[in-house]
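Here's data.txt, which has compact mmCIF, C-alpha atoms:
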```txt
# COMPACT_ATOMS: atom_id res chain seq x y z
CA MET A 14 73.28 -39.98 35.21
CA ILE A 15 72.18 -42.85 37.48
CA PRO A 16 71.27 -41.51 40.95
CA SER A 17 73.48 -42.59 43.84
CA SER A 18 71.93 -44.36 46.78
CA ALA A 19 70.34 -41.96 49.28
CA PRO A 20 71.88 -41.86 52.79
CA PRO A 21 69.80 -43.04 55.76
CA PRO A 22 67.36 -40.52 57.28
CA ARG A 23 68.80 -38.14 59.90
CA PRO A 24 66.76 -37.27 63.01
CA PHE A 25 67.34 -33.90 64.67
CA PHE A 26 65.61 -31.11 66.57
CA LEU A 27 65.04 -27.85 64.75
CA ASN A 28 65.63 -25.19 67.44
CA ALA A 29 65.72 -26.08 71.14
CA GLY A 30 63.73 -25.83 74.35
CA GLU A 31 60.09 -24.82 73.97
CA ALA A 32 60.73 -24.10 70.28
CA ALA A 33 62.18 -27.57 69.55
CA ARG A 34 60.58 -29.34 66.62
CA PHE A 35 61.49 -32.95 65.95
CA CYS A 36 62.46 -33.55 62.32
CA LEU A 37 63.54 -36.45 60.16
CA TYR A 38 65.58 -35.45 57.14
CA HIS A 39 65.89 -37.70 54.10
CA ALA A 40 68.73 -36.38 51.96
CA ALA A 41 68.29 -36.84 48.23
CA ALA A 42 70.17 -39.35 46.17
CA GLN A 43 72.43 -37.33 43.90
CA PRO A 44 71.84 -35.52 41.69
CA CYS A 45 69.18 -33.68 43.74
CA ARG A 46 66.02 -32.91 41.75
CA GLY A 47 64.17 -30.87 44.37
CA SER A 48 62.69 -31.16 47.85
CA TRP A 49 59.45 -31.87 49.72
CA LEU A 50 58.18 -30.91 53.16
CA TYR A 51 55.77 -33.46 54.65
CA VAL A 52 52.80 -32.17 56.67
CA HIS A 53 51.34 -34.88 58.88
CA PRO A 54 47.64 -35.42 59.72
CA PHE A 55 45.71 -34.67 62.90
CA ALA A 56 45.90 -36.43 66.28
CA GLU A 57 45.96 -40.25 66.12
CA GLU A 58 45.96 -40.22 62.30
CA LEU A 59 49.58 -39.06 62.61
CA ASN A 60 50.58 -42.31 64.31
CA LYS A 61 48.51 -44.55 62.04
CA SER A 62 50.12 -43.04 58.92
CA ARG A 63 53.79 -43.00 59.98
CA ARG A 64 54.49 -46.20 58.04
CA MET A 65 53.13 -44.81 54.77
CA ALA A 66 54.88 -41.47 55.28
CA ALA A 67 58.19 -43.26 55.85
CA LEU A 68 57.78 -45.43 52.74
CA GLN A 69 56.95 -42.44 50.56
CA ALA A 70 59.75 -40.29 51.99
CA ARG A 71 62.31 -43.02 51.30
CA ALA A 72 61.00 -43.50 47.77
CA LEU A 73 61.25 -39.77 47.08
CA SER A 74 64.78 -39.55 48.46
CA GLN A 75 65.93 -42.49 46.35
CA SER A 76 64.42 -40.72 43.32
CA GLY A 77 66.49 -37.60 43.95
CA PHE A 78 64.18 -35.52 46.18
CA ALA A 79 65.15 -34.39 49.67
CA VAL A 80 62.32 -34.80 52.19
CA LEU A 81 61.86 -33.16 55.58
CA GLN A 82 59.32 -34.64 58.00
CA ILE A 83 58.46 -32.36 60.93
CA ASP A 84 56.34 -33.01 64.01
CA LEU A 85 54.31 -29.85 64.44
CA TYR A 86 53.96 -28.02 67.76
CA GLY A 87 52.46 -30.28 70.42
CA CYS A 88 52.58 -33.33 68.14
CA GLY A 89 54.76 -36.42 68.11
CA ASP A 90 58.19 -35.77 69.64
CA SER A 91 58.12 -31.97 69.31
CA ALA A 92 57.92 -29.58 72.23
CA GLY A 93 54.61 -28.31 73.54
CA ASP A 94 51.30 -29.83 74.55
CA PHE A 95 48.68 -30.76 72.00
CA GLY A 96 46.14 -28.84 74.06
CA ASP A 97 48.10 -25.63 73.48
CA ALA A 98 48.49 -26.12 69.72
CA SER A 99 46.99 -23.60 67.31
CA TRP A 100 46.54 -23.39 63.57
CA GLN A 101 48.80 -20.33 63.46
CA ALA A 102 51.54 -22.12 65.41
CA TRP A 103 51.41 -24.93 62.85
CA LEU A 104 51.60 -22.45 59.96
CA ASP A 105 54.64 -20.89 61.65
CA ASP A 106 56.22 -24.35 61.89
CA LEU A 107 55.79 -24.83 58.15
CA GLN A 108 57.47 -21.50 57.48
CA LEU A 109 60.37 -22.49 59.76
CA ALA A 110 60.74 -25.91 58.16
CA SER A 111 60.44 -24.55 54.61
CA ALA A 112 63.20 -22.03 55.29
CA TRP A 113 65.45 -24.74 56.72
CA LEU A 114 64.84 -27.05 53.77
CA THR A 115 65.46 -24.26 51.26
CA SER A 116 68.75 -23.43 52.97
CA GLU A 117 69.77 -27.10 53.10
CA THR A 118 68.99 -27.96 49.48
CA GLY A 119 69.10 -24.65 47.64
CA SER A 120 65.63 -25.34 46.23
CA ARG A 121 62.17 -24.09 47.18
CA PRO A 122 60.33 -27.16 48.51
CA GLY A 123 56.97 -28.51 47.57
CA LEU A 124 54.46 -29.31 50.31
CA TRP A 125 53.17 -32.87 50.62
CA GLY A 126 50.35 -33.26 53.12
CA LEU A 127 47.99 -35.95 54.34
CA ARG A 128 44.40 -35.38 55.52
CA LEU A 129 44.26 -32.26 57.73
CA GLY A 130 47.97 -31.84 57.03
CA ALA A 131 47.11 -31.48 53.35
CA SER A 132 44.53 -28.83 54.24
CA LEU A 133 47.11 -27.04 56.38
CA ALA A 134 49.51 -27.15 53.43
CA VAL A 135 46.88 -25.50 51.21
CA ALA A 136 46.25 -22.82 53.83
CA TYR A 137 49.97 -22.14 54.10
CA ALA A 138 50.37 -21.99 50.32
CA SER A 139 47.58 -19.41 50.07
CA SER A 140 49.15 -17.02 52.59
CA ALA A 141 52.93 -17.56 52.65
CA SER A 142 55.19 -14.78 51.45
CA CYS A 143 57.37 -17.47 49.87
CA PRO A 144 54.86 -20.14 48.82
CA PRO A 145 55.79 -23.74 48.02
CA GLU A 146 56.80 -24.69 44.51
CA ARG A 147 53.96 -27.22 44.23
CA LEU A 148 51.47 -29.21 46.31
CA LEU A 149 50.96 -32.95 46.72
CA LEU A 150 47.71 -33.61 48.59
CA TRP A 151 46.82 -37.04 49.94
CA GLN A 152 43.11 -37.28 50.82
CA PRO A 153 42.80 -33.69 52.08
CA VAL A 154 40.05 -32.71 54.49
CA CYS A 155 37.59 -30.72 52.38
CA GLN A 156 35.42 -29.29 55.15
CA GLY A 157 36.60 -28.86 58.71
CA THR A 158 33.16 -29.22 60.28
CA GLN A 159 32.86 -32.80 59.06
CA HIS A 160 36.40 -33.62 60.20
CA LEU A 161 35.74 -32.19 63.65
CA ARG A 162 32.54 -34.19 63.97
CA GLN A 163 34.38 -37.39 63.02
CA PHE A 164 36.97 -36.68 65.71
CA LEU A 165 34.30 -36.02 68.33
CA ARG A 166 32.66 -39.36 67.54
CA LEU A 167 35.75 -41.01 69.07
CA LYS A 168 34.65 -39.71 72.45
CA VAL A 169 31.10 -40.88 71.89
CA ALA A 170 32.43 -44.35 71.05
CA GLY A 171 34.72 -44.31 74.09
CA ASP A 172 31.89 -43.29 76.41
CA ALA A 173 29.75 -46.11 75.03
CA LEU A 174 32.48 -48.67 75.71
CA GLU A 175 32.84 -47.38 79.26
CA ARG A 176 29.06 -47.28 79.68
CA ASN A 177 29.18 -43.54 80.34
CA ALA A 178 26.33 -41.31 79.25
CA GLY A 179 28.50 -38.71 77.56
CA ALA A 180 27.39 -35.73 75.52
CA GLY A 181 26.49 -36.15 71.87
CA VAL A 182 28.59 -34.88 68.98
CA ALA A 183 26.47 -31.76 68.43
CA ALA A 184 26.65 -30.80 72.11
CA MET A 185 30.42 -31.33 72.25
CA ARG A 186 30.95 -29.29 69.09
CA GLN A 187 28.89 -26.47 70.56
CA SER A 188 30.92 -26.60 73.77
CA LEU A 189 34.12 -26.18 71.78
CA LEU A 190 32.65 -23.29 69.81
CA ASP A 191 31.60 -21.74 73.13
CA GLY A 192 35.21 -21.87 74.37
CA VAL A 193 35.33 -25.10 76.42
CA ALA A 194 38.31 -27.44 75.95
CA LEU A 195 37.56 -31.17 75.64
CA GLU A 196 39.61 -34.35 75.97
CA ILE A 197 39.01 -36.61 72.99
CA ALA A 198 40.64 -40.05 72.76
CA GLY A 199 43.56 -38.90 74.90
CA TYR A 200 44.01 -35.56 73.12
CA GLN A 201 43.15 -32.25 74.81
CA LEU A 202 41.48 -30.21 72.08
CA SER A 203 41.52 -26.46 72.59
CA PRO A 204 38.49 -24.42 71.52
CA VAL A 205 40.76 -22.05 69.56
CA LEU A 206 42.06 -24.85 67.35
CA ALA A 207 38.64 -26.51 67.11
CA GLN A 208 37.03 -23.27 65.92
CA VAL A 209 39.57 -22.84 63.10
CA ILE A 210 39.14 -26.44 61.99
CA ASP A 211 35.36 -26.10 62.12
CA ALA A 212 35.48 -23.06 59.83
CA LEU A 213 37.84 -24.67 57.30
CA ASP A 214 36.56 -24.91 53.72
CA LEU A 215 39.10 -25.58 50.97
CA CYS A 216 36.81 -24.02 48.37
CA SER A 217 38.03 -20.56 49.35
CA LEU A 218 41.74 -21.47 49.31
CA ALA A 219 42.53 -22.06 45.64
CA PRO A 220 46.31 -22.61 45.27
CA ARG A 221 48.25 -20.75 42.61
CA MET A 222 50.93 -23.42 42.14
CA PRO A 223 50.71 -26.82 40.39
CA THR A 224 48.67 -29.12 42.63
CA HIS A 225 48.25 -32.89 42.53
CA TRP A 226 45.32 -34.26 44.55
CA MET A 227 45.19 -38.01 45.26
CA GLU A 228 42.35 -39.88 46.91
CA ILE A 229 41.89 -43.49 47.94
CA GLY A 230 38.74 -45.12 46.63
CA ALA A 231 36.77 -45.98 43.52
CA GLN A 232 35.47 -42.46 42.94
CA TYR A 233 35.98 -38.89 44.07
CA SER A 234 33.97 -37.67 47.00
CA PRO A 235 31.30 -35.02 46.27
CA GLY A 236 33.24 -32.53 48.40
CA ALA A 237 36.41 -33.10 46.42
CA GLN A 238 34.63 -32.55 43.11
CA ARG A 239 33.08 -29.32 44.40
CA ILE A 240 36.47 -27.97 45.42
CA ALA A 241 38.13 -29.13 42.20
CA ASP A 242 35.58 -27.19 40.16
CA ALA A 243 36.09 -24.07 42.29
CA TRP A 244 39.88 -24.29 42.11
CA ARG A 245 39.97 -24.82 38.37
CA ALA A 246 37.61 -21.89 37.90
CA ALA A 247 40.06 -19.81 39.95
CA GLY A 248 42.97 -20.91 37.75
CA THR A 249 44.62 -23.62 39.88
CA PRO A 250 46.73 -26.04 37.77
CA LEU A 251 45.09 -29.12 39.29
CA GLU A 252 45.39 -32.85 38.62
CA PHE A 253 43.25 -35.52 40.29
CA ASP A 254 44.03 -39.22 40.72
CA LEU A 255 42.49 -42.21 42.48
CA ALA A 256 44.31 -45.11 44.14
CA ALA A 257 42.78 -48.37 45.34
CA GLY A 258 43.57 -49.34 48.91
CA PRO A 259 42.67 -49.00 52.59
CA PRO A 260 42.28 -45.68 54.42
CA PHE A 261 45.55 -46.36 56.26
CA TRP A 262 45.23 -43.28 58.51
CA ALA A 263 42.11 -44.77 60.13
CA THR A 264 42.58 -48.57 60.09
CA GLN A 265 42.72 -50.51 63.35
CA GLU A 266 46.14 -51.96 62.49
CA VAL A 267 48.96 -50.20 60.67
CA ALA A 268 48.24 -50.56 56.95
CA GLU A 269 49.92 -49.76 53.65
CA CYS A 270 48.57 -48.59 50.32
CA PRO A 271 51.06 -49.64 47.61
CA ALA A 272 48.84 -48.21 44.88
CA LEU A 273 49.15 -44.72 46.36
CA LEU A 274 52.95 -45.03 46.53
CA SER A 275 53.08 -46.17 42.91
CA LEU A 276 50.75 -43.40 41.77
CA THR A 277 52.81 -40.76 43.57
CA ALA A 278 56.02 -42.12 42.06
CA ARG A 279 54.54 -42.06 38.58
CA HIS A 280 53.35 -38.47 38.75
CA VAL A 281 55.84 -36.81 41.10
CA CYS A 282 59.11 -38.69 40.63
```

Starting from the file, lay out its structure as structure tokens.
Amino acid sequence: MIPSSAPPPRPFFLNAGEAARFCLYHAAAQPCRGSWLYVHPFAEELNKSRRMAALQARALSQSGFAVLQIDLYGCGDSAGDFGDASWQAWLDDLQLASAWLTSETGSRPGLWGLRLGASLAVAYASSASCPPERLLLWQPVCQGTQHLRQFLRLKVAGDALERNAGAGVAAMRQSLLDGVALEIAGYQLSPVLAQVIDALDLCSLAPRMPTHWMEIGAQYSPGAQRIADAWRAAGTPLEFDLAAGPPFWATQEVAECPALLSLTARHVC
């Protein structure tokens, strides 16, 4: 059967008031082959990657997969302040969104995440009472300490541009670990969230479901290889792939990576 054309995406708020989470639902072209829940990256990487997320979501829906994009607590157009966000609140959002998507489609969704969103998806999959059917990981953050340091460098760069003698990365990280909130590139980062990110190490979170890991570049990073070895030793059904293209979540201008879209279509659709 040739799939019908998928309807346009439908924006809506899941719940209301302080619990409102902005969502964009891409219904599947019929017949429906399954569903995916997209987990966006951290802070400004969310905005830089919206174009790629939209392109992939549309491609999946046209291929017969329903896709739900959710702005997590304190992010995007959802309720709450970023400074009040927590790792647990984001895990709760994934549970809420997964339940909605299961009810809407009648199928247990897979989790598709980018960067820290991919790491959050892995953490959710390792603890959820009803885990996702499978995982699609785009350039996941392997170690939270490194990711946190990269984020803190934005403040160092901003201070340099403004000719301010700000604290160094190590001092700012220690302040967060000591319980002091910091404003980084327009985002108020709570020490509670920073401490969880800092302690993140995917090595200890081997998924039980089929997992497809995709990275952009000519070779796998050393951290990715270390985790792949640990996951395979723990029994994770894991596939790795590389795609050539720009790191679109971090480029100055909005960028696309057609090779990543093609690779995902070939292995997922």

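Straight-line separation from atom CA of Arg121 of chain A to atom CA of Pro144 of chain A: 8.5 Å.
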
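Using all atoms listed in the file for every distance, the candidate list A:Ser48, A:Thr118, A:Gln101, A:Gln152 yields A:Gln101 as the residue closest to Tyr137 of chain A.
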
Seminar exercise, completed: Using only C-alpha atoms, the shortest atom-to-atom distance to Val182 of chain A among A:Leu161, A:Leu202, A:Ala194, A:Leu124 belongs to A:Leu161

Problem set entry | Surrounding residues of Pro271 of chain A excluding itself and chain neighbours under 6 positions, 12 Å, all atoms listed in the file, as JSON, numbers by chain | {"A": [64, 65, 66, 68, 69, 72, 229, 256, 257, 258, 259, 260, 261, 277, 278]}

Exercise. If you count only C-alpha atoms, which residues fall within 8 Å of Val209 of chain A, apart from same-chain ones fewer than 4 positions away, as a list in words?
Worked result: Trp100, Val205 and Leu213 of chain A

Write out the residues from the selection above, keeping C-alpha atoms, as a tab-separated table (two decimals), in the frame of the given file.
```
chain	number	residue	atom	x	y	z
A	100	TRP	CA	46.54	-23.39	63.57
A	205	VAL	CA	40.76	-22.05	69.56
A	213	LEU	CA	37.84	-24.67	57.30
```

Exercise. When distances are computed from all atoms listed in the file, which of A:Phe95, A:Trp113, A:Tyr233, A:Trp226 shows the smallest separation from Leu27 of chain A?
Worked result: A:Trp113

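Minimum atom-to-atom distances from A:Gly123, A:Val281, A:Val154, A:Leu148 to Pro250 of chain A were compared using only C-alpha atoms, and the lowest value belongs to A:Leu148.
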
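With atom CA of Pro235 of chain A on one side and atom CA of Gln163 of chain A on the other, the separation reads 17.2 Å.
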
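When atom CA of Trp244 of chain A is paired with atom CA of Ala136 of chain A, their separation reads 13.4 Å.
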
Seminar exercise, completed: His225 of chain A proximity check over A:Ala102, A:Ile210, A:Leu59, A:Val135, using all atoms listed in the file: winner is A:Val135

Problem set entry | Ref. answer, residues at most 8 Å from (33.8, -31.2, 73.6) with only C-alpha atoms, as a PyMOL selection string | chain A and resi 165+182+184-189+193-197+202

Mind running segment 80-133 of chain A against segment 35-42 of chain A at 7 Å and telling me each contacting residue's nearest atom pair with the distance in Å (one decimal), counting only C-alpha atoms, chain and number ascending, as a tab-separated table?
```
residue	atom	partner	partner_atom	distance
A:Val80	CA	A:His39	CA	5.0
A:Leu81	CA	A:Tyr38	CA	4.6
A:Gln82	CA	A:Leu37	CA	5.1
A:Ile83	CA	A:Cys36	CA	4.4
A:Asp84	CA	A:Phe35	CA	5.5
A:Asp90	CA	A:Phe35	CA	5.7
A:Ser91	CA	A:Phe35	CA	4.9
```

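Using only C-alpha atoms, the residues found no farther than 9 Å from Cys155 of chain A, other than those of its own chain fewer than 6 positions away, are Arg128, Leu129, Ser132, Leu213, Asp214, Leu215, Cys216, Gly236, Ala237 and Ile240 of chain A.
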
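Residue nearest Leu255 of chain A, chosen from A:Ala207, A:Glu269, A:Arg162, A:Leu150 and counting all atoms listed in the file: A:Leu150.
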
For this session: Skip Trp262 of chain A itself and residues of its chain fewer than 4 positions away, then list as a VMD selection string all residues within 8 Å of it, counting all atoms listed in the file.
Result: chain A and resid 58 to 62

Give me a file of those residues, with C-alpha atoms, as a PDB file, in the frame of the given file.
```pdb
ATOM      1  CA  GLU A  58      45.960 -40.220  62.300  1.00  0.00           C
ATOM      2  CA  LEU A  59      49.580 -39.060  62.610  1.00  0.00           C
ATOM      3  CA  ASN A  60      50.580 -42.310  64.310  1.00  0.00           C
ATOM      4  CA  LYS A  61      48.510 -44.550  62.040  1.00  0.00           C
ATOM      5  CA  SER A  62      50.120 -43.040  58.920  1.00  0.00           C
TER       6      SER A  62
END
```
